[in-house]
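As C-alpha cells, the structure follows; a few thoughts come after it.
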Amino acid sequence: MTGADLALALTVAAMVTLRGAGLLLGGVLRPDHPVIAWAAAVSVATLAAFVVLAIAVPGGLLATVPWPARVAGVLAGALGWRLFRGALLPALLTGLAGLMLSWWALG
C-alpha cells in the first residue's frame with residue numbers, strides 16, 4: 001500500500017467514524033443544542049471555503065474559465081437564488097447559465 005493509498009484509507013475511516021458519531025449525537029441532542037449549531041456552522045463554513053477555492057484557484061477544466069466568468073456565474077447564481085426564493089436547483093441552473101454566457105461573451 002502506497003502512502004497515498006494509506007492516507008486515503010485513513011481519511012475515509014475518519015470520515016465514516018465522524019459521520020457515525022454525528023448520527024448518534026443527532027439522534028440524542030435537540031436540534032437547537034449548541035453542539036448541533038456548532039456542527040452546522042462548521043459545515044457551512046467548510047462548504048463556503050471550498051466554493052471560494054473553486055472560484056479563486058480552480059483546478060482541472062474550471063481553470064480554463066476566465067476569472068470574471070467564474071465571478072459572473074456566482075453572482076448569477078446568487079441572483080437566481082433570490083429570484084426563486086431560495087430554491088437551489090433553479091439557482092444552480094441560473095449560475096451555470098451565467099457562467100456559460102459570460103465565458104462565451106469573454107471569448
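Going through the C-alpha cells in order, the chains are called A, B, and so on, while each chain numbers its residues from 1 and the ligands are numbered from 1 in the order shown.
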Please report as a Markdown table every residue of range 4-72 of chain A lying within 12 Å of range 88-98 of chain A, along with the nearest atom pair and their distance in Å (one decimal), using only C-alpha atoms.
```
| residue | atom | partner | partner_atom | distance |
| --- | --- | --- | --- | --- |
| A:Pro68 | CA | A:Gly98 | CA | 10.9 |
| A:Ala69 | CA | A:Gly98 | CA | 7.9 |
| A:Arg70 | CA | A:Gly98 | CA | 8.7 |
| A:Val71 | CA | A:Gly98 | CA | 9.3 |
| A:Ala72 | CA | A:Gly98 | CA | 6.1 |
```
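Residue nearest Trp67 in chain A, chosen from A:Ala41, A:Leu79, A:Leu106, A:Ala87 and counting only C-alpha atoms: A:Leu106.
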(request) Work out how far apart CA of Val57 in chain A and CA of Gly77 in chain A are and give it in Å to one decimal. (result) 19.0 Å
(message) What does the structure give for the distance between CA of Gly73 in chain A and CA of Ser102 in chain A, in Å to one decimal?
(response) 7.7 Å
